[in-house]
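One file, my_file29.pdb, carrying PDB, C-alpha atoms:
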```
ATOM      1  CA  MET A 693       0.000   0.000   0.000
ATOM      2  CA  LEU A 694       2.847   2.350   0.858
ATOM      3  CA  ALA A 695       4.528   1.455  -2.440
ATOM      4  CA  GLY A 696       1.296   2.321  -4.253
ATOM      5  CA  ILE A 697       1.053   5.791  -2.702
ATOM      6  CA  ILE A 698       4.717   6.646  -3.267
ATOM      7  CA  THR A 699       4.800   5.249  -6.817
ATOM      8  CA  LEU A 700       1.793   7.330  -7.846
ATOM      9  CA  ASP A 701       2.508  10.522  -5.900
ATOM     10  CA  GLY A 702       6.248  10.449  -5.273
ATOM     11  CA  LYS A 703       9.405  11.523  -7.074
ATOM     12  CA  MET A 704      13.096  12.061  -6.455
ATOM     13  CA  LYS A 705      14.238  15.669  -6.787
ATOM     14  CA  LEU A 706      16.710  18.287  -5.675
ATOM     15  CA  GLN A 707      15.325  20.704  -3.111
ATOM     16  CA  ASP A 708      17.562  23.614  -2.099
ATOM     17  CA  GLY A 709      20.523  21.680  -3.457
ATOM     18  CA  ARG A 710      19.678  18.550  -1.466
ATOM     19  CA  ARG A 711      18.431  15.233  -2.863
ATOM     20  CA  CYS A 712      15.068  14.289  -1.379
ATOM     21  CA  MET A 713      12.112  11.959  -1.796
ATOM     22  CA  SER A 714       9.056  14.135  -2.282
ATOM     23  CA  VAL A 715       5.481  12.887  -2.105
ATOM     24  CA  ARG A 716       2.745  15.340  -3.103
ATOM     25  CA  MET A 717      -0.807  14.494  -1.955
ATOM     26  CA  GLU A 718      -4.047  16.381  -2.532
ATOM     27  CA  LYS A 719      -6.072  15.032   0.395
ATOM     28  CA  ASP A 720      -5.442  15.409   4.119
ATOM     29  CA  GLU A 721      -6.584  11.820   4.703
ATOM     30  CA  VAL A 722      -3.898  10.504   2.349
ATOM     31  CA  VAL A 723      -1.247  12.636   4.084
ATOM     32  CA  GLU A 724      -2.253  11.134   7.425
ATOM     33  CA  THR A 725      -2.236   7.616   5.961
ATOM     34  CA  LEU A 726       1.223   8.054   4.467
ATOM     35  CA  ILE A 727       2.676   9.378   7.736
ATOM     36  CA  ARG A 728       1.086   6.523   9.699
ATOM     37  CA  LEU A 729       2.437   3.897   7.266
ATOM     38  CA  LEU A 730       5.943   5.389   7.326
ATOM     39  CA  GLN A 731       5.871   5.269  11.112
ATOM     40  CA  MET A 732       4.559   1.677  11.164
ATOM     41  CA  VAL A 733       6.908   0.249   8.543
ATOM     42  CA  PHE A 734      10.084   2.276   9.082
ATOM     43  CA  ASP A 735       9.611   3.749  12.558
ATOM     44  CA  ILE A 736      10.117   7.202  11.042
ATOM     45  CA  ARG A 737       9.604  10.040  13.470
ATOM     46  CA  GLU A 738       7.527  12.993  12.336
ATOM     47  CA  GLU A 739      10.546  15.273  12.924
ATOM     48  CA  GLU A 740      12.315  13.448  10.076
ATOM     49  CA  LEU A 741       9.633  14.595   7.650
ATOM     50  CA  GLU A 742       9.266  18.021   6.131
ATOM     51  CA  ILE A 743       5.530  18.582   5.769
ATOM     52  CA  VAL A 744       4.561  21.483   3.512
ATOM     53  CA  PRO A 745       0.778  22.090   3.531
ATOM     54  CA  ARG A 746      -0.908  22.921   0.246
ATOM     55  CA  THR A 747      -3.114  26.006  -0.085
ATOM     56  CA  GLN A 748      -6.488  24.275   0.400
ATOM     57  CA  GLU A 749      -5.984  20.626   1.276
ATOM     58  CA  GLY A 750      -3.260  18.014   1.265
ATOM     59  CA  ALA A 751       0.482  18.491   1.638
ATOM     60  CA  ARG A 752       3.904  17.696   0.238
ATOM     61  CA  ILE A 753       6.056  15.437   2.406
ATOM     62  CA  ARG A 754       9.826  15.478   1.875
ATOM     63  CA  ILE A 755      12.439  13.076   3.240
ATOM     64  CA  TYR A 756      16.072  14.258   3.043
ATOM     65  CA  ASP A 757      17.998  11.658   5.029
ATOM     66  CA  ALA A 758      19.960   9.573   2.498
ATOM     67  CA  ASP A 759      19.930   6.444   4.676
ATOM     68  CA  ARG A 760      16.167   6.697   5.146
ATOM     69  CA  ILE A 761      15.651   7.157   1.421
ATOM     70  CA  ASP A 762      17.805   4.077   0.658
ATOM     71  CA  GLN A 763      15.921   2.072   3.290
ATOM     72  CA  ILE A 764      12.538   3.015   1.779
ATOM     73  CA  MET A 765      13.711   2.356  -1.785
ATOM     74  CA  LYS A 766      15.125  -1.101  -0.928
ATOM     75  CA  THR A 767      12.260  -2.241   1.293
ATOM     76  CA  LEU A 768       9.507  -1.145  -1.097
ATOM     77  CA  LYS A 769      11.509  -2.326  -4.153
ATOM     78  CA  LEU A 770      11.338   1.144  -5.708
ATOM     79  CA  THR A 771      13.489   2.274  -8.613
ATOM     80  CA  GLU A 772      14.089   5.713 -10.073
ATOM     81  CA  LEU A 773      12.672   6.326 -13.548
ATOM     82  CA  GLU A 774      14.095   9.715 -14.507
ATOM     83  CA  ASP A 775      12.670  11.842 -11.660
ATOM     84  CA  ARG A 776       9.720   9.531 -11.017
ATOM     85  CA  LEU A 777       9.560   6.282  -9.063
ATOM     86  CA  ASP A 778       8.520   2.813 -10.151
ATOM     87  CA  VAL A 779       7.991  -0.430  -8.282
ATOM     88  CA  ASP A 780       9.474  -3.836  -9.058
ATOM     89  CA  GLU A 781       7.115  -6.558 -10.312
ATOM     90  CA  ILE A 782       8.038  -8.738  -7.323
ATOM     91  CA  VAL A 783       5.935  -6.448  -5.111
ATOM     92  CA  LEU A 784       2.877  -7.533  -7.146
ATOM     93  CA  SER A 785       3.639 -11.257  -7.075
ATOM     94  CA  ARG A 786       0.670 -12.182  -4.850
ATOM     95  CA  ASN A 787      -2.991 -11.213  -5.007
ATOM     96  CA  CYS A 788      -3.019  -9.716  -1.516
ATOM     97  CA  CYS A 789      -0.020  -7.537  -2.433
ATOM     98  CA  ARG A 790      -1.598  -6.440  -5.722
ATOM     99  CA  ILE A 791      -4.778  -5.363  -3.933
ATOM    100  CA  ALA A 792      -2.765  -3.508  -1.257
ATOM    101  CA  PHE A 793      -0.767  -1.746  -4.000
ATOM    102  CA  LEU A 794      -4.013  -0.832  -5.778
ATOM    103  CA  ARG A 795      -5.427   0.545  -2.521
ATOM    104  CA  GLY A 796      -2.434   2.858  -2.215
ATOM    105  CA  ALA A 797      -2.625   3.857  -5.884
ATOM    106  CA  PHE A 798      -6.315   4.689  -5.537
ATOM    107  CA  LEU A 799      -5.714   6.769  -2.406
ATOM    108  CA  ALA A 800      -2.974   8.653  -4.249
ATOM    109  CA  ALA A 801      -4.587   9.255  -7.621
ATOM    110  CA  GLY A 802      -8.038   7.680  -7.746
ATOM    111  CA  SER A 803     -11.588   8.956  -7.803
ATOM    112  CA  VAL A 804     -15.161   7.778  -8.281
ATOM    113  CA  ALA A 805     -17.678   9.929 -10.141
ATOM    114  CA  ASN A 806     -21.020  10.690  -8.540
ATOM    115  CA  PRO A 807     -23.039   7.550  -9.425
ATOM    116  CA  GLU A 808     -26.186   9.684  -9.656
ATOM    117  CA  SER A 809     -24.839  11.062 -12.949
ATOM    118  CA  GLN A 810     -22.490   8.336 -14.239
ATOM    119  CA  TYR A 811     -20.647   5.165 -13.292
ATOM    120  CA  GLN A 812     -16.886   5.772 -13.473
ATOM    121  CA  LEU A 813     -13.882   4.908 -11.331
ATOM    122  CA  GLU A 814     -10.467   6.101 -12.472
ATOM    123  CA  ILE A 815      -6.827   6.214 -11.414
ATOM    124  CA  VAL A 816      -4.473   8.697 -13.070
ATOM    125  CA  THR A 817      -1.366   6.571 -13.609
ATOM    126  CA  GLY A 818       0.854   8.889 -15.612
ATOM    127  CA  ARG A 819       2.992   6.329 -17.457
ATOM    128  CA  ASP A 820       3.036   2.869 -19.066
ATOM    129  CA  SER A 821       4.725   0.914 -16.254
ATOM    130  CA  VAL A 822       2.343   2.135 -13.544
ATOM    131  CA  THR A 823      -0.634   1.655 -15.882
ATOM    132  CA  HIS A 824       0.460  -1.966 -16.276
ATOM    133  CA  HIS A 825       0.715  -2.418 -12.490
ATOM    134  CA  VAL A 826      -2.772  -0.992 -11.925
ATOM    135  CA  LEU A 827      -4.347  -3.076 -14.707
ATOM    136  CA  THR A 828      -2.650  -6.217 -13.370
ATOM    137  CA  SER A 829      -3.882  -5.481  -9.857
ATOM    138  CA  MET A 830      -7.466  -4.950 -11.060
ATOM    139  CA  ALA A 831      -7.353  -8.143 -13.114
ATOM    140  CA  SER A 832      -6.467 -10.146  -9.978
ATOM    141  CA  PHE A 833     -10.131  -9.940  -8.906
ATOM    142  CA  GLY A 834     -11.711  -9.857 -12.367
ATOM    143  CA  ALA A 835     -12.084  -6.112 -12.969
ATOM    144  CA  GLU A 836     -11.275  -5.180 -16.586
ATOM    145  CA  GLY A 837      -9.747  -1.731 -16.559
ATOM    146  CA  ARG A 838      -9.434   0.346 -19.717
ATOM    147  CA  VAL A 839      -6.878   3.022 -20.538
ATOM    148  CA  THR A 840      -7.248   6.485 -22.021
ATOM    149  CA  GLU A 841      -4.882   9.394 -22.542
ATOM    150  CA  HIS A 842      -5.631  12.636 -20.703
ATOM    151  CA  ARG A 843      -3.360  15.590 -21.384
ATOM    152  CA  TYR A 844       0.097  14.284 -20.460
ATOM    153  CA  SER A 845      -1.127  11.375 -18.343
ATOM    154  CA  GLN A 846      -2.646   7.953 -18.731
ATOM    155  CA  VAL A 847      -5.849   7.094 -16.921
ATOM    156  CA  VAL A 848      -7.063   3.612 -16.013
ATOM    157  CA  TYR A 849     -10.841   3.591 -15.700
ATOM    158  CA  LEU A 850     -13.858   1.388 -15.097
ATOM    159  CA  LYS A 851     -17.333   2.233 -16.332
ATOM    160  CA  ASP A 852     -19.302  -0.918 -15.504
ATOM    161  CA  ALA A 853     -21.148  -0.728 -12.209
ATOM    162  CA  ASP A 854     -20.314  -4.319 -11.193
ATOM    163  CA  GLY A 855     -16.590  -3.703 -11.708
ATOM    164  CA  ILE A 856     -16.670  -0.464  -9.700
ATOM    165  CA  SER A 857     -18.576  -2.075  -6.842
ATOM    166  CA  GLU A 858     -16.199  -5.051  -6.758
ATOM    167  CA  THR A 859     -13.159  -2.745  -6.813
ATOM    168  CA  LEU A 860     -14.444  -0.638  -3.923
ATOM    169  CA  GLY A 861     -15.072  -3.817  -1.953
ATOM    170  CA  GLN A 862     -11.591  -5.177  -2.675
ATOM    171  CA  LEU A 863     -10.033  -1.863  -1.635
ATOM    172  CA  GLY A 864     -11.751  -2.112   1.741
ATOM    173  CA  ALA A 865     -14.049   0.857   1.076
ATOM    174  CA  ALA A 866     -17.094  -0.925   2.480
ATOM    175  CA  SER A 867     -19.142   2.180   3.286
ATOM    176  CA  ALA A 868     -18.412   3.686  -0.145
ATOM    177  CA  MET A 869     -19.401   0.404  -1.802
ATOM    178  CA  MET A 870     -22.692   0.285   0.145
ATOM    179  CA  GLU A 871     -23.472   3.895  -0.740
ATOM    180  CA  PHE A 872     -22.655   3.167  -4.390
ATOM    181  CA  GLU A 873     -24.896   0.089  -4.371
ATOM    182  CA  ASN A 874     -27.769   1.966  -2.700
ATOM    183  CA  ILE A 875     -27.659   4.687  -5.346
ATOM    184  CA  ARG A 876     -27.378   2.045  -8.058
ATOM    185  CA  ILE A 877     -30.480   0.234  -6.743
ATOM    186  CA  VAL A 878     -32.488   3.457  -6.551
ATOM    187  CA  LYS A 879     -31.390   4.409 -10.081
ATOM    188  CA  GLY A 880     -32.370   0.962 -11.345
ATOM    189  CA  ILE A 881     -35.835   1.211  -9.788
ATOM    190  CA  ARG A 882     -36.247   4.757 -11.116
ATOM    191  CA  ASN A 883     -35.186   3.701 -14.620
ATOM    192  CA  ASN A 884     -37.590   0.750 -14.579
ATOM    193  CA  ILE A 885     -40.447   3.007 -13.484
ATOM    194  CA  ASN A 886     -39.572   5.528 -16.201
ATOM    195  CA  ARG A 887     -39.486   2.775 -18.824
ATOM    196  CA  GLU A 888     -42.888   1.487 -17.691
ATOM    197  CA  VAL A 889     -44.358   4.997 -17.634
ATOM    198  CA  ASN A 890     -42.953   5.744 -21.086
ATOM    199  CA  CYS A 891     -44.295   2.442 -22.368
ATOM    200  CA  ASP A 892     -47.732   3.102 -20.865
ATOM    201  CA  THR A 893     -47.721   6.649 -22.257
ATOM    202  CA  ALA A 894     -46.779   5.365 -25.698
ATOM    203  CA  ASN A 895     -49.524   2.733 -25.560
ATOM    204  CA  ILE A 896     -52.105   5.321 -24.463
ATOM    205  CA  ALA A 897     -51.038   7.645 -27.283
ATOM    206  CA  LYS A 898     -51.164   4.781 -29.769
ATOM    207  CA  THR A 899     -54.645   3.764 -28.586
ATOM    208  CA  ALA A 900     -55.901   7.354 -28.687
ATOM    209  CA  ASN A 901     -54.515   7.930 -32.190
ATOM    210  CA  ALA A 902     -56.113   4.708 -33.409
ATOM    211  CA  ALA A 903     -59.476   5.724 -31.899
ATOM    212  CA  VAL A 904     -59.314   9.153 -33.568
ATOM    213  CA  ARG A 905     -58.452   7.539 -36.885
ATOM    214  CA  ARG A 906     -61.371   5.077 -36.626
ATOM    215  CA  ILE A 907     -63.804   7.893 -35.762
ATOM    216  CA  GLU A 908     -62.608   9.871 -38.784
ATOM    217  CA  GLU A 909     -63.150   6.809 -40.979
ATOM    218  CA  ILE A 910     -66.678   6.303 -39.621
ATOM    219  CA  GLN A 911     -67.437   9.973 -40.280
ATOM    220  CA  MET A 912     -66.153   9.576 -43.849
ATOM    221  CA  ILE A 913     -68.534   6.643 -44.396
ATOM    222  CA  ASP A 914     -71.423   8.614 -42.897
ATOM    223  CA  ALA A 915     -70.701  11.594 -45.144
ATOM    224  CA  ALA A 916     -70.339   9.457 -48.266
ATOM    225  CA  VAL A 917     -73.175   6.915 -48.037
ATOM    226  CA  GLY A 918     -74.659   7.168 -44.508
ATOM    227  CA  LEU A 919     -74.201   4.707 -41.660
ATOM    228  CA  ASP A 920     -77.519   2.999 -42.446
ATOM    229  CA  SER A 921     -75.858   1.512 -45.541
ATOM    230  CA  LEU A 922     -73.563  -0.542 -43.273
ATOM    231  CA  PRO A 923     -74.353  -4.148 -42.295
ATOM    232  CA  SER A 924     -76.112  -4.245 -38.914
ATOM    233  CA  GLY A 925     -73.083  -5.426 -36.887
ATOM    234  CA  LEU A 926     -70.799  -2.768 -38.344
ATOM    235  CA  ARG A 927     -73.499  -0.083 -38.033
ATOM    236  CA  GLU A 928     -73.951  -0.869 -34.318
ATOM    237  CA  LEU A 929     -70.216  -0.668 -33.645
ATOM    238  CA  ALA A 930     -69.835   2.538 -35.680
ATOM    239  CA  LYS A 931     -72.550   4.306 -33.707
ATOM    240  CA  VAL A 932     -71.202   3.118 -30.337
ATOM    241  CA  ARG A 933     -67.705   4.285 -31.289
ATOM    242  CA  LEU A 934     -68.963   7.727 -32.334
ATOM    243  CA  GLU A 935     -70.929   8.106 -29.120
ATOM    244  CA  ASN A 936     -68.068   6.829 -26.899
ATOM    245  CA  PRO A 937     -64.730   8.005 -28.350
ATOM    246  CA  ASP A 938     -62.807   7.282 -25.111
ATOM    247  CA  LEU A 939     -63.783   3.641 -24.619
ATOM    248  CA  SER A 940     -61.208   0.869 -25.001
ATOM    249  CA  LEU A 941     -61.765  -2.011 -27.415
ATOM    250  CA  LYS A 942     -62.704  -4.255 -24.490
ATOM    251  CA  GLU A 943     -65.320  -1.760 -23.302
ATOM    252  CA  LEU A 944     -66.681  -1.333 -26.831
ATOM    253  CA  GLY A 945     -67.076  -5.085 -27.131
ATOM    254  CA  GLU A 946     -69.019  -5.250 -23.873
ATOM    255  CA  MET A 947     -71.556  -2.742 -25.243
ATOM    256  CA  MET A 948     -72.340  -4.892 -28.292
ATOM    257  CA  ASP A 949     -75.368  -7.160 -28.404
ATOM    258  CA  PRO A 950     -74.268  -9.893 -28.140
ATOM    259  CA  PRO A 951     -70.937  -8.811 -26.516
ATOM    260  CA  LEU A 952     -67.747  -9.132 -28.552
ATOM    261  CA  GLY A 953     -64.158  -9.815 -27.535
ATOM    262  CA  LYS A 954     -61.291  -7.497 -28.514
ATOM    263  CA  SER A 955     -60.476  -9.575 -31.593
ATOM    264  CA  GLY A 956     -64.099  -9.365 -32.782
ATOM    265  CA  VAL A 957     -64.134  -5.569 -32.296
ATOM    266  CA  ASN A 958     -60.807  -5.290 -34.138
ATOM    267  CA  HIS A 959     -62.146  -7.332 -37.030
ATOM    268  CA  ARG A 960     -65.190  -5.058 -37.422
ATOM    269  CA  LEU A 961     -63.064  -1.903 -37.155
ATOM    270  CA  ARG A 962     -60.822  -3.189 -39.953
ATOM    271  CA  LYS A 963     -63.898  -3.752 -42.119
ATOM    272  CA  LEU A 964     -64.986  -0.168 -41.402
ATOM    273  CA  SER A 965     -61.510   1.007 -42.506
ATOM    274  CA  GLU A 966     -61.899  -0.899 -45.782
ATOM    275  CA  TYR A 967     -65.309   0.710 -46.428
ATOM    276  CA  ALA A 968     -63.916   4.154 -45.540
ATOM    277  CA  ALA A 969     -61.240   3.663 -48.201
ATOM    278  CA  ASN A 970     -63.830   2.610 -50.736
ATOM    279  CA  PRO A 971     -67.402   3.607 -49.684
ATOM    280  CA  GLU A 972     -68.690   2.778 -53.179
ATOM    281  CA  LYS A 973     -68.820  -0.870 -52.063
ATOM    282  CA  LEU A 974     -71.793   0.055 -49.835
ATOM    283  CA  ARG A 975     -73.947   1.507 -52.572
TER     284      ARG A 975
END
```

The structure in this file should be written as C-alpha cells.
Amino acid sequence: MLAGIITLDGKMKLQDGRRCMSVRMEKDEVVETLIRLLQMVFDIREEELEIVPRTQEGARIRIYDADRIDQIMKTLKLTELEDRLDVDEIVLSRNCCRIAFLRGAFLAAGSVANPESQYQLEIVTGRDSVTHHVLTSMASFGAEGRVTEHRYSQVVYLKDADGISETLGQLGAASAMMEFENIRIVKGIRNNINREVNCDTANIAKTANAAVRRIEEIQMIDAAVGLDSLPSGLRELAKVRLENPDLSLKELGEMMDPPLGKSGVNHRLRKLSEYAANPEKLR
C-alpha cells in the first residue's frame, strides 16, 4: 500500500541543493495515511519529515535523510525512472499484495464519479509501467480496466457498475461500496419506473390515435353513403364508437349485443376502414 502511494505521488528531486524523496498528496486523509504507514513500517519520526501544507488541502512530504531514502527504496523495491519512481514486479507477485498496492494507488490518484450522474472509477497513472501495475492489480479480482490518454497522463478507468462495486469492496471501502450500491439500486428502480411509464404513455397515445383515426373513418362513411348503408353489426359498432370516443376495445365489445371480444371488435373496425377507403362498395 505504501509502495502504491509513493509510486503514484512520489518523485526524487533536488530541493535547495539537497536530494530528497518528495510525495505530493491532494487530500489530508492521504497525508495522514502516508505518515502513519511510514511510522509503522520504518519507525520514522515525524521530525524526520518536512511537511509542507498545500493552499487548500493536502500536503507535500519530503524526506532528506539519504539512509532513510535508501531504506525506503530497498524495502519497497522502488526504482528511479528519470525523476519519477517505479515499483518492481516482485511487489505484485501475490494477489493480496496487488490489492494492497491498488489501494495505495487509488488513495494517491483515484476517484469515483457521482453515481447519480455516471458510473466511473479512475486512477491517473501517468505512465506505461504504472498503468500496467494498476491493470494487473485490477485483473487479480476480475475487474477489466481500460486506458485512455488525458493531457500528459494515462488514466485507467472502469465504467461498468459491477466492476466499480467489486473494486471498492476489494479496496476495503465498504461504506463507499454500500453507498454506491444503494444509489445504483435506486437508479435501477427509477429507470424501470420511467421505462414502464414511457411504455404506458406510448400505448395510451397509440390507442388514442387509433381511436381518432377510426372515428374519422366512420365519419367519412357517414358523409359518403350514410351509416344505415352498413351491415347491422358494423353499423352498431360505428354508432357506439362515435358516441363513446374514449372507450377501449374491451369496453366497446361489452356494449355490443351480443358482446364481442377485442379480436371481434378489431375485425369489425378493420372492415370499417376498408369501407372508408372505398365507400362505393356500400352503394

If the PyMOL selection byres ((chain A and resi 868) around 12) were run on this exact file, what residues would it hold? Put them as a CSV table (one decimal) with C-alpha atoms, keeping the file's coordinate frame.
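And here is the file that came out, expr.csv:
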```
chain,number,residue,atom,x,y,z
A,803,SER,CA,-11.6,9.0,-7.8
A,804,VAL,CA,-15.2,7.8,-8.3
A,805,ALA,CA,-17.7,9.9,-10.1
A,806,ASN,CA,-21.0,10.7,-8.5
A,807,PRO,CA,-23.0,7.6,-9.4
A,856,ILE,CA,-16.7,-0.5,-9.7
A,857,SER,CA,-18.6,-2.1,-6.8
A,858,GLU,CA,-16.2,-5.1,-6.8
A,859,THR,CA,-13.2,-2.7,-6.8
A,860,LEU,CA,-14.4,-0.6,-3.9
A,861,GLY,CA,-15.1,-3.8,-2.0
A,862,GLN,CA,-11.6,-5.2,-2.7
A,863,LEU,CA,-10.0,-1.9,-1.6
A,864,GLY,CA,-11.8,-2.1,1.7
A,865,ALA,CA,-14.0,0.9,1.1
A,866,ALA,CA,-17.1,-0.9,2.5
A,867,SER,CA,-19.1,2.2,3.3
A,869,MET,CA,-19.4,0.4,-1.8
A,870,MET,CA,-22.7,0.3,0.1
A,871,GLU,CA,-23.5,3.9,-0.7
A,872,PHE,CA,-22.7,3.2,-4.4
A,873,GLU,CA,-24.9,0.1,-4.4
A,874,ASN,CA,-27.8,2.0,-2.7
A,875,ILE,CA,-27.7,4.7,-5.3
```

*Hey, can you pull every residue with an atom no more than 9 Å from (-2.2, 7.0, -1.6), using all atoms listed in the file, and send it as a ChimeraX atom specification?*
/A:693-701,717,722-723,725-726,795-802

*Return as a PyMOL selection string the set of residues that the PyMOL selection byres ((chain A and resi 918-922) around 12) yields on the displayed structure.*
chain A and resi 909-917+923-932+934+960+963-964+966-968+971-975

Selection file, C-alpha atoms, as a short mmCIF file (atom, residue, chain, number, x, y, z; two decimals), keeping the file's coordinate frame:
```
data_model
loop_
_atom_site.label_atom_id
_atom_site.label_comp_id
_atom_site.auth_asym_id
_atom_site.auth_seq_id
_atom_site.Cartn_x
_atom_site.Cartn_y
_atom_site.Cartn_z
CA GLU A 909 -63.15 6.81 -40.98
CA ILE A 910 -66.68 6.30 -39.62
CA GLN A 911 -67.44 9.97 -40.28
CA MET A 912 -66.15 9.58 -43.85
CA ILE A 913 -68.53 6.64 -44.40
CA ASP A 914 -71.42 8.61 -42.90
CA ALA A 915 -70.70 11.59 -45.14
CA ALA A 916 -70.34 9.46 -48.27
CA VAL A 917 -73.18 6.92 -48.04
CA PRO A 923 -74.35 -4.15 -42.30
CA SER A 924 -76.11 -4.24 -38.91
CA GLY A 925 -73.08 -5.43 -36.89
CA LEU A 926 -70.80 -2.77 -38.34
CA ARG A 927 -73.50 -0.08 -38.03
CA GLU A 928 -73.95 -0.87 -34.32
CA LEU A 929 -70.22 -0.67 -33.65
CA ALA A 930 -69.83 2.54 -35.68
CA LYS A 931 -72.55 4.31 -33.71
CA VAL A 932 -71.20 3.12 -30.34
CA LEU A 934 -68.96 7.73 -32.33
CA ARG A 960 -65.19 -5.06 -37.42
CA LYS A 963 -63.90 -3.75 -42.12
CA LEU A 964 -64.99 -0.17 -41.40
CA GLU A 966 -61.90 -0.90 -45.78
CA TYR A 967 -65.31 0.71 -46.43
CA ALA A 968 -63.92 4.15 -45.54
CA PRO A 971 -67.40 3.61 -49.68
CA GLU A 972 -68.69 2.78 -53.18
CA LYS A 973 -68.82 -0.87 -52.06
CA LEU A 974 -71.79 0.06 -49.84
CA ARG A 975 -73.95 1.51 -52.57
#
```

*Quick one: pull the distance between atom CA of A:Phe734 and atom CA of A:Ile761, Å, one decimal.*
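Distance reported for this atom pair: 10.7 Å.
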
_Show me, as a ChimeraX atom specification, the residues that have an atom within 7 Å of A:Leu827 when counting only C-alpha atoms, minus same-chain residues fewer than 4 positions from it._
/A:823,831,837

*Using the chain letters and residue numbers of this document, give as JSON, numbers by chain the residues selected by the PyMOL selection byres ((chain A and resi 751) around 9).*
{"A": [715, 716, 717, 718, 719, 720, 723, 743, 744, 745, 746, 747, 749, 750, 752, 753]}

_List as a ChimeraX atom specification the protein and nucleic acid residues near A:Arg737, meaning an atom at most 10 Å away when all atoms listed in the file are counted, but skip any in the same chain fewer than 4 places from it._
/A:727-728,730-731,741

Would you save the residues of that selection, restricted to C-alpha atoms, as an mmCIF file, keeping the file's coordinate frame?
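Writing the result to out.cif gives the following:
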```cif
data_model
loop_
_atom_site.group_PDB
_atom_site.id
_atom_site.type_symbol
_atom_site.label_atom_id
_atom_site.label_comp_id
_atom_site.auth_asym_id
_atom_site.auth_seq_id
_atom_site.Cartn_x
_atom_site.Cartn_y
_atom_site.Cartn_z
ATOM 1 C CA ILE A 727 2.676 9.378 7.736
ATOM 2 C CA ARG A 728 1.086 6.523 9.699
ATOM 3 C CA LEU A 730 5.943 5.389 7.326
ATOM 4 C CA GLN A 731 5.871 5.269 11.112
ATOM 5 C CA LEU A 741 9.633 14.595 7.650
#
```

*Go ahead and compute the interatomic distance for atom CA of A:Val816 and atom CA of A:Ser845, in Å to one decimal.*
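Between atom CA of A:Val816 and atom CA of A:Ser845 the gap works out to 6.8 Å.
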
*asked:* If we draw a sphere of 10 Å around (-11.1, 0.0, -15.9), which residues have at least one atom in it when counting only C-alpha atoms? Please report them as a PyMOL selection string.
replied: chain A and resi 812-815+826-827+830-831+835-840+847-852+855-856+859

Keeping only C-alpha atoms, write those residues as a CSV table (one decimal), in the coordinates of the input.
```csv
chain,number,residue,atom,x,y,z
A,812,GLN,CA,-16.9,5.8,-13.5
A,813,LEU,CA,-13.9,4.9,-11.3
A,814,GLU,CA,-10.5,6.1,-12.5
A,815,ILE,CA,-6.8,6.2,-11.4
A,826,VAL,CA,-2.8,-1.0,-11.9
A,827,LEU,CA,-4.3,-3.1,-14.7
A,830,MET,CA,-7.5,-5.0,-11.1
A,831,ALA,CA,-7.4,-8.1,-13.1
A,835,ALA,CA,-12.1,-6.1,-13.0
A,836,GLU,CA,-11.3,-5.2,-16.6
A,837,GLY,CA,-9.7,-1.7,-16.6
A,838,ARG,CA,-9.4,0.3,-19.7
A,839,VAL,CA,-6.9,3.0,-20.5
A,840,THR,CA,-7.2,6.5,-22.0
A,847,VAL,CA,-5.8,7.1,-16.9
A,848,VAL,CA,-7.1,3.6,-16.0
A,849,TYR,CA,-10.8,3.6,-15.7
A,850,LEU,CA,-13.9,1.4,-15.1
A,851,LYS,CA,-17.3,2.2,-16.3
A,852,ASP,CA,-19.3,-0.9,-15.5
A,855,GLY,CA,-16.6,-3.7,-11.7
A,856,ILE,CA,-16.7,-0.5,-9.7
A,859,THR,CA,-13.2,-2.7,-6.8
```

*Which is closest to A:Glu774 among A:Arg819, A:Ile896, A:Met947, A:Ile885, if we use all atoms listed in the file?*
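Ranked by minimum distance to A:Glu774, first place goes to A:Arg819.
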
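Across A:Met704, A:Val889, A:Val878, A:Val779, the tightest approach to A:Lys766 is made by A:Val779 when counting all atoms listed in the file.
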
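One distance worth recording is that between atom CA of A:Asn895 and atom CA of A:Ala969, which is 25.5 Å.
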
*Please provide as a count of residues only all residues within 10 Å of A:Gly945, with the sequence filter that same-chain residues fewer than 3 positions apart are discarded (counting all atoms listed in the file).*
17

Output stretch 832-841 of chain A with N, CA and C atoms present, as an mmCIF file, in the frame of the given file.
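The resulting file, part29.cif, is reproduced below:
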```
data_model
loop_
_atom_site.group_PDB
_atom_site.id
_atom_site.type_symbol
_atom_site.label_atom_id
_atom_site.label_comp_id
_atom_site.auth_asym_id
_atom_site.auth_seq_id
_atom_site.Cartn_x
_atom_site.Cartn_y
_atom_site.Cartn_z
ATOM 1 N N SER A 832 -6.595 -9.077 -10.979
ATOM 2 C CA SER A 832 -6.467 -10.146 -9.978
ATOM 3 C C SER A 832 -7.808 -10.514 -9.362
ATOM 4 N N PHE A 833 -8.790 -9.598 -9.411
ATOM 5 C CA PHE A 833 -10.131 -9.940 -8.906
ATOM 6 C C PHE A 833 -11.195 -9.773 -9.997
ATOM 7 N N GLY A 834 -10.774 -9.792 -11.252
ATOM 8 C CA GLY A 834 -11.711 -9.857 -12.367
ATOM 9 C C GLY A 834 -12.194 -8.539 -12.922
ATOM 10 N N ALA A 835 -11.661 -7.412 -12.431
ATOM 11 C CA ALA A 835 -12.084 -6.112 -12.969
ATOM 12 C C ALA A 835 -11.269 -5.804 -14.228
ATOM 13 N N GLU A 836 -11.948 -5.443 -15.308
ATOM 14 C CA GLU A 836 -11.275 -5.180 -16.586
ATOM 15 C C GLU A 836 -11.134 -3.676 -16.793
ATOM 16 N N GLY A 837 -9.998 -3.154 -16.381
ATOM 17 C CA GLY A 837 -9.747 -1.731 -16.559
ATOM 18 C C GLY A 837 -9.433 -1.386 -18.002
ATOM 19 N N ARG A 838 -9.767 -0.172 -18.388
ATOM 20 C CA ARG A 838 -9.434 0.346 -19.717
ATOM 21 C C ARG A 838 -8.537 1.564 -19.550
ATOM 22 N N VAL A 839 -7.863 1.939 -20.625
ATOM 23 C CA VAL A 839 -6.878 3.022 -20.538
ATOM 24 C C VAL A 839 -7.216 4.108 -21.546
ATOM 25 N N THR A 840 -7.084 5.349 -21.116
ATOM 26 C CA THR A 840 -7.248 6.485 -22.021
ATOM 27 C C THR A 840 -6.149 7.499 -21.731
ATOM 28 N N GLU A 841 -5.861 8.331 -22.719
ATOM 29 C CA GLU A 841 -4.882 9.394 -22.542
ATOM 30 C C GLU A 841 -5.612 10.669 -22.130
#
```
